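A.B. asks: What follows is a single structure, and I will ask about it in a moment.
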Protein chains: 2
Amino acid sequence: MTPLVPGELSGHPVWFKLDFLLPTGSFKDRGAAVLVSYLRCQGYRRLVVDSSGNAAAALAAYCAAARLECHVFAPAATSPAKLAQARAYGAEVTLVEGSREHVAATAQRAATADPAAAYASHNWHPVFVEGTKTWLLEVWEQLGGRFPSACFLPVGGGSLLIGAWRACQALPGPYPKLVAAQPLACAPLVQAFERGEPDVSPVAPATTLAEGARIAAPPRGRQMLAAIRRSDGWVEAIDEDSLVDTLRQLWRQGLYVEPTAALGAAAFRQAVARGRPMPAGEAVIVLTGSGLKTGSLALE
Amino acid sequence: MTPLVPGELSGHPVWFKLDFLLPTGSFKDRGAAVLVSYLRCQGYRRLVVDSSGNAAAALAAYCAAARLECHVFAPAATSPAKLAQARAYGAEVTLVEGSREHVAATAQRAATADPAAAYASHNWHPVFVEGTKTWLLEVWEQLGGRFPSACFLPVGGGSLLIGAWRACQALPGPYPKLVAAQPLACAPLVQAFERGEPDVSPVAPATTLAEGARIAAPPRGRQMLAAIRRSDGWVEAIDEDSLVDTLRQLWRQGLYVEPTAALGAAAFRQAVARGRPMPAGEAVIVLTGSGLKTGSLALE
């Protein structure tokens, strides 16, 4: 269980859920632990993964702990530093030229061709989300058996958000409003939500420090929109200046997180600045990834 | 409380104490949290620190959380990446030319000249060790109210070792044997122990991947020797090849630690390889620092 600690943003008290303290340094450990256990029980000896960052590290780590082989397919442009952690856990890493979608297709083909291997996608495997939902179950427990009034969280592929919605369905309400934050540079969910559309359309992403949320065509767009709307939540798109400023504010409270992890906090600050009425009760901000992964890049 | 998890080394079952999962990524958080709280209660508004690594990050983080200013004095040769974390927490960093001892003296002078400032040395302040001892108190609790039979731990300045001995004095025995590991490249404690001397003499250190244990003249040498002898423990000096090989073995179990943190595990393996009879019962290996800090350097 990761700590839930009190803090402050824009003069308001908030709670921070410190998921960057999970063993590999990101919330992806929650999904990876459950998915790797599940696939091992199914008899697989090797997992095939496509990721360029935290998911690769998490799946590689839990494969190592479970004595399974792990094969990571990553975009050719991925920086070697981001893959060093997965390699350290013993994963084989293959760089693939082309789009993110092509990388995923290559991984799927490799898994299909090998009967001992499973394609362990954090982006679509339902068991990954079963693990991810534990973050909000823990918050429920840490608040003495109830939900907070609102949760502010980064959204890329959306497993954190969909996990939150699953947690809501598992326990009695009232439920928290789920507030999804994306970088303005890549905000397909925000665009679809604000247009009132039922599904998310791909966007052309610009560059952003919030690399983990740079997913132009999230596969679970429809589910994400439904979760936000049914929770009575909303969306915020964060520009790069706000992101850096929020990152600084977190760091100066002793919370050393990576840029993507600051999106939820930035969304809270932006909502306050816009004068949006905040629900009474606890606001929980999920901090998803460690600053030790990319922190020093941010303010250079 | 950090996890105590079962694992394996050289075919033997062991327990790993995962202190690299503390908030700033090293065991130094234990001492920093208690020392910063203590000095804040004393009315200080600014802490002056000398460190080149994990202690600077830990003290800067807890100062940030406590709204105290933090001024870090570091050797001029310190790599900027190691100081990025302390800077992120808002610490002022001053690089000082000259020896490690000269850096410490400069920090002390700065603290003395400023009535609002305290010199918060992790190397000698007794309250720092009061915090550090919690690692073994936690192990006692995690084993159901008793000590393990042996603890294998890295030793540089020695706060982890002296903390362990304080924990022994706080609870009923039998106590664990304390086994101190140092890099062969800088092993003043091992040298003094093997020669039967009452105190540690400075050595001329060679380079080692275990940077955190490269302390040529540890200020608490006499205390360290007494703790090891009174616990019926021993010492191991680890060469660089063993260190890298052990690091790999830890990583391949999903334990991504920095090189210094692998010293305890390397000492266990070396003792087994030498045929040293191991005490019956649990062997606990303390893993002190995160691989996200320096991990990718090690195997290049």
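Convention: chains lettered A, B, ... in structure tokens order; per-chain residue numbering from 1; ligands numbered from 1 as shown.
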Got a sec to pull out which chain B residues are within 7 Å of chain A, counting only C-alpha atoms, and send them as a PyMOL selection string?

C.D. replies: chain B and resi 21+23+61-62+64-65+84+88-90+251-254+292-293+296

A.B. asks: Write to file, as a compact mmCIF listing (two decimals), in the first residue's frame, the residues of the selection just made, with N, CA and C atoms.

C.D. replies:
# COMPACT_ATOMS: atom_id res chain seq x y z
N LEU B 21 13.07 1.75 -1.31
CA LEU B 21 11.72 2.24 -1.62
C LEU B 21 11.27 3.39 -0.73
N PRO B 23 10.93 7.35 0.39
CA PRO B 23 10.52 8.41 -0.55
C PRO B 23 11.60 9.01 -1.45
N ALA B 61 14.83 16.92 0.92
CA ALA B 61 13.41 16.56 0.79
C ALA B 61 12.66 16.82 2.09
N TYR B 62 13.23 16.40 3.21
CA TYR B 62 12.52 16.58 4.49
C TYR B 62 12.53 18.05 4.92
N ALA B 64 12.21 20.42 2.69
CA ALA B 64 11.12 20.94 1.86
C ALA B 64 9.77 20.64 2.51
N ALA B 65 9.61 19.41 2.97
CA ALA B 65 8.34 19.03 3.59
C ALA B 65 8.10 19.82 4.87
N ALA B 84 20.92 16.89 -8.78
CA ALA B 84 19.66 17.38 -9.38
C ALA B 84 18.49 17.15 -8.43
N ALA B 88 16.05 19.93 -6.93
CA ALA B 88 14.61 19.89 -7.22
C ALA B 88 13.80 20.16 -5.95
N TYR B 89 14.26 19.67 -4.83
CA TYR B 89 13.56 19.91 -3.57
C TYR B 89 13.74 21.35 -3.08
N GLY B 90 14.50 22.13 -3.82
CA GLY B 90 14.65 23.54 -3.48
C GLY B 90 15.91 23.86 -2.71
N TRP B 251 19.12 -7.50 -9.66
CA TRP B 251 18.28 -6.94 -10.72
C TRP B 251 17.42 -8.04 -11.35
N ARG B 252 18.02 -9.20 -11.56
CA ARG B 252 17.30 -10.28 -12.24
C ARG B 252 16.25 -10.93 -11.33
N GLN B 253 16.19 -10.49 -10.07
CA GLN B 253 15.09 -10.90 -9.18
C GLN B 253 14.05 -9.79 -9.07
N GLY B 254 14.24 -8.71 -9.85
CA GLY B 254 13.28 -7.60 -9.78
C GLY B 254 13.66 -6.54 -8.75
N LEU B 292 17.41 3.54 -9.70
CA LEU B 292 17.04 4.68 -10.53
C LEU B 292 18.01 5.84 -10.32
N LYS B 293 18.78 5.79 -9.25
CA LYS B 293 19.75 6.87 -9.02
C LYS B 293 21.00 6.70 -9.88
N SER B 296 21.93 2.57 -14.24
CA SER B 296 22.32 2.30 -15.61
C SER B 296 23.81 2.47 -15.84

A.B. asks: For segment 261-272 of chain A, list every protein, DNA or RNA residue within 10 Å, evaluated using only C-alpha atoms, and leave out those in the same chain fewer than 4 positions away; present the list as a ChimeraX atom specification.

C.D. replies: /A:8-12,14,16,19-20,26-27,150-155,179-183,210-213,234-239,242-251,255-257,276-278,283-291

A.B. asks: Interatomic distance between atom CA of Ala76 of chain A and atom CA of Gly98 of chain A?

C.D. replies: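 Atom CA of Gly98 of chain A lies at a distance of 7.6 Å from atom CA of Ala76 of chain A.
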
A.B. asks: Can you pull out every residue from segment 129-248 of chain B that DSSP, working from the backbone, puts in strand (DSSP E), and format the result as a PyMOL selection string?

C.D. replies: chain B and resi 150-154+177-183+234-238

A.B. asks: Quick one: everything within 9 Å of Thr207 of chain B, counting only C-alpha atoms, minus sequence neighbours fewer than 4 positions away in the same chain. Send it as a list of chain:residue names.

C.D. replies: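 The contact residues come out as B:Ala185, B:Cys186, B:Glu211, B:Arg214.
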
A.B. asks: Where in segment 53-300 of chain A does DSSP assign alpha helix (DSSP H), given as an NGL selection string?

C.D. replies: :A and (54-66 or 80-88 or 100-112 or 126-132 or 134-142 or 159-170 or 188-194 or 221-230 or 240-251 or 263-273 or 291-298)

A.B. asks: Taking only C-alpha atoms into account, which of A:Gly233, A:Pro13, A:Pro219, A:Pro6 comes nearest Gly157 of chain A?

C.D. replies: A:Pro219

A.B. asks: In Å, how far is it from atom CA of Phe147 of chain A to atom CA of Ala280 of chain A?

C.D. replies: 12.2 Å

A.B. asks: Calculate how many Å separate atom CA of Val129 of chain B from atom CA of Gly281 of chain B, rounding to one decimal.

C.D. replies: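 Straight-line distance from atom CA of Val129 of chain B to atom CA of Gly281 of chain B works out to 26.6 Å.
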
A.B. asks: For Leu95 of chain A, which of A:Lys28, A:Arg46, A:Arg195, A:His71 is the closest residue, counting only C-alpha atoms?

C.D. replies: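 Smallest separation from Leu95 of chain A among the options: A:His71.
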
A.B. asks: Can you list, as a VMD selection string, every protein, DNA or RNA residue that comes within 8 Å of segment 131-143 of chain A when you count only C-alpha atoms, leaving out same-chain residues fewer than 5 positions away?

C.D. replies: chain A and resid 1 4 17 19 27 to 28 30 to 35 148 159 to 160 162 to 167

A.B. asks: Just the selected residues (N, CA, C and O atoms), exported as a PDB file, in the first residue's frame, please.

C.D. replies:
ATOM      1  N   MET A   1       0.847  -1.202   0.000  1.00  0.00           N
ATOM      2  CA  MET A   1       0.000   0.000   0.000  1.00  0.00           C
ATOM      3  C   MET A   1       0.882   1.251   0.000  1.00  0.00           C
ATOM      4  O   MET A   1       1.784   1.366   0.816  1.00  0.00           O
ATOM      5  N   LEU A   4      -0.780   7.762   1.614  1.00  0.00           N
ATOM      6  CA  LEU A   4      -1.700   8.857   1.269  1.00  0.00           C
ATOM      7  C   LEU A   4      -1.350   9.970   2.249  1.00  0.00           C
ATOM      8  O   LEU A   4      -1.548   9.807   3.459  1.00  0.00           O
ATOM      9  N   LYS A  17      -1.637  10.741  -3.257  1.00  0.00           N
ATOM     10  CA  LYS A  17      -1.460   9.287  -3.240  1.00  0.00           C
ATOM     11  C   LYS A  17      -0.137   8.980  -3.929  1.00  0.00           C
ATOM     12  O   LYS A  17       0.026   9.227  -5.142  1.00  0.00           O
ATOM     13  N   ASP A  19       1.894   6.950  -5.553  1.00  0.00           N
ATOM     14  CA  ASP A  19       2.138   5.733  -6.333  1.00  0.00           C
ATOM     15  C   ASP A  19       3.506   5.707  -7.001  1.00  0.00           C
ATOM     16  O   ASP A  19       3.917   4.666  -7.518  1.00  0.00           O
ATOM     17  N   PHE A  27       3.036   3.708 -11.016  1.00  0.00           N
ATOM     18  CA  PHE A  27       1.794   3.001 -10.698  1.00  0.00           C
ATOM     19  C   PHE A  27       1.592   1.752 -11.550  1.00  0.00           C
ATOM     20  O   PHE A  27       0.762   0.913 -11.216  1.00  0.00           O
ATOM     21  N   LYS A  28       2.342   1.623 -12.627  1.00  0.00           N
ATOM     22  CA  LYS A  28       2.171   0.468 -13.513  1.00  0.00           C
ATOM     23  C   LYS A  28       2.451  -0.852 -12.787  1.00  0.00           C
ATOM     24  O   LYS A  28       2.032  -1.910 -13.244  1.00  0.00           O
ATOM     25  N   ARG A  30       1.102  -1.917 -10.250  1.00  0.00           N
ATOM     26  CA  ARG A  30      -0.165  -2.511  -9.796  1.00  0.00           C
ATOM     27  C   ARG A  30      -0.733  -3.449 -10.863  1.00  0.00           C
ATOM     28  O   ARG A  30      -1.124  -4.576 -10.584  1.00  0.00           O
ATOM     29  N   GLY A  31      -0.770  -2.963 -12.093  1.00  0.00           N
ATOM     30  CA  GLY A  31      -1.281  -3.792 -13.178  1.00  0.00           C
ATOM     31  C   GLY A  31      -0.327  -4.922 -13.522  1.00  0.00           C
ATOM     32  O   GLY A  31      -0.747  -6.051 -13.767  1.00  0.00           O
ATOM     33  N   ALA A  32       0.973  -4.610 -13.508  1.00  0.00           N
ATOM     34  CA  ALA A  32       1.975  -5.605 -13.894  1.00  0.00           C
ATOM     35  C   ALA A  32       1.981  -6.790 -12.929  1.00  0.00           C
ATOM     36  O   ALA A  32       2.048  -7.948 -13.344  1.00  0.00           O
ATOM     37  N   ALA A  33       1.883  -6.501 -11.641  1.00  0.00           N
ATOM     38  CA  ALA A  33       1.933  -7.578 -10.646  1.00  0.00           C
ATOM     39  C   ALA A  33       0.789  -8.570 -10.869  1.00  0.00           C
ATOM     40  O   ALA A  33       0.986  -9.787 -10.859  1.00  0.00           O
ATOM     41  N   VAL A  34      -0.401  -8.041 -11.096  1.00  0.00           N
ATOM     42  CA  VAL A  34      -1.572  -8.914 -11.249  1.00  0.00           C
ATOM     43  C   VAL A  34      -1.545  -9.618 -12.614  1.00  0.00           C
ATOM     44  O   VAL A  34      -1.801 -10.816 -12.712  1.00  0.00           O
ATOM     45  N   LEU A  35      -1.184  -8.883 -13.661  1.00  0.00           N
ATOM     46  CA  LEU A  35      -1.176  -9.489 -14.997  1.00  0.00           C
ATOM     47  C   LEU A  35      -0.113 -10.589 -15.108  1.00  0.00           C
ATOM     48  O   LEU A  35      -0.368 -11.663 -15.660  1.00  0.00           O
ATOM     49  N   PRO A 148     -12.969   9.577  -1.507  1.00  0.00           N
ATOM     50  CA  PRO A 148     -12.821  11.036  -1.473  1.00  0.00           C
ATOM     51  C   PRO A 148     -13.922  11.662  -2.351  1.00  0.00           C
ATOM     52  O   PRO A 148     -14.657  10.942  -3.028  1.00  0.00           O
ATOM     53  N   SER A 159      -5.447   3.457 -18.017  1.00  0.00           N
ATOM     54  CA  SER A 159      -5.667   2.345 -17.078  1.00  0.00           C
ATOM     55  C   SER A 159      -5.916   2.845 -15.653  1.00  0.00           C
ATOM     56  O   SER A 159      -6.668   2.234 -14.896  1.00  0.00           O
ATOM     57  N   LEU A 160      -5.316   3.980 -15.290  1.00  0.00           N
ATOM     58  CA  LEU A 160      -5.531   4.531 -13.945  1.00  0.00           C
ATOM     59  C   LEU A 160      -6.982   4.980 -13.776  1.00  0.00           C
ATOM     60  O   LEU A 160      -7.618   4.736 -12.741  1.00  0.00           O
ATOM     61  N   ILE A 162      -9.677   4.020 -15.674  1.00  0.00           N
ATOM     62  CA  ILE A 162     -10.627   2.912 -15.779  1.00  0.00           C
ATOM     63  C   ILE A 162     -10.539   2.032 -14.533  1.00  0.00           C
ATOM     64  O   ILE A 162     -11.550   1.542 -14.024  1.00  0.00           O
ATOM     65  N   GLY A 163      -9.321   1.909 -13.996  1.00  0.00           N
ATOM     66  CA  GLY A 163      -9.176   1.205 -12.716  1.00  0.00           C
ATOM     67  C   GLY A 163      -9.982   1.901 -11.621  1.00  0.00           C
ATOM     68  O   GLY A 163     -10.649   1.254 -10.817  1.00  0.00           O
ATOM     69  N   ALA A 164      -9.926   3.217 -11.596  1.00  0.00           N
ATOM     70  CA  ALA A 164     -10.678   3.975 -10.591  1.00  0.00           C
ATOM     71  C   ALA A 164     -12.171   3.696 -10.720  1.00  0.00           C
ATOM     72  O   ALA A 164     -12.879   3.487  -9.729  1.00  0.00           O
ATOM     73  N   TRP A 165     -12.641   3.651 -11.954  1.00  0.00           N
ATOM     74  CA  TRP A 165     -14.072   3.413 -12.160  1.00  0.00           C
ATOM     75  C   TRP A 165     -14.468   1.998 -11.728  1.00  0.00           C
ATOM     76  O   TRP A 165     -15.519   1.781 -11.118  1.00  0.00           O
ATOM     77  N   ARG A 166     -13.587   1.040 -11.985  1.00  0.00           N
ATOM     78  CA  ARG A 166     -13.846  -0.335 -11.514  1.00  0.00           C
ATOM     79  C   ARG A 166     -13.901  -0.393  -9.995  1.00  0.00           C
ATOM     80  O   ARG A 166     -14.705  -1.116  -9.417  1.00  0.00           O
ATOM     81  N   ALA A 167     -13.006   0.362  -9.340  1.00  0.00           N
ATOM     82  CA  ALA A 167     -13.006   0.393  -7.869  1.00  0.00           C
ATOM     83  C   ALA A 167     -14.331   0.953  -7.371  1.00  0.00           C
ATOM     84  O   ALA A 167     -14.898   0.474  -6.382  1.00  0.00           O
TER      85      ALA A 167
END

A.B. asks: Looking at B:Ala105, B:Ala74, B:Ala206, B:Ala120, which one is nearest to Leu47 of chain B, with distances taken over only C-alpha atoms?

C.D. replies: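 Distance minimum relative to Leu47 of chain B lands on B:Ala120.
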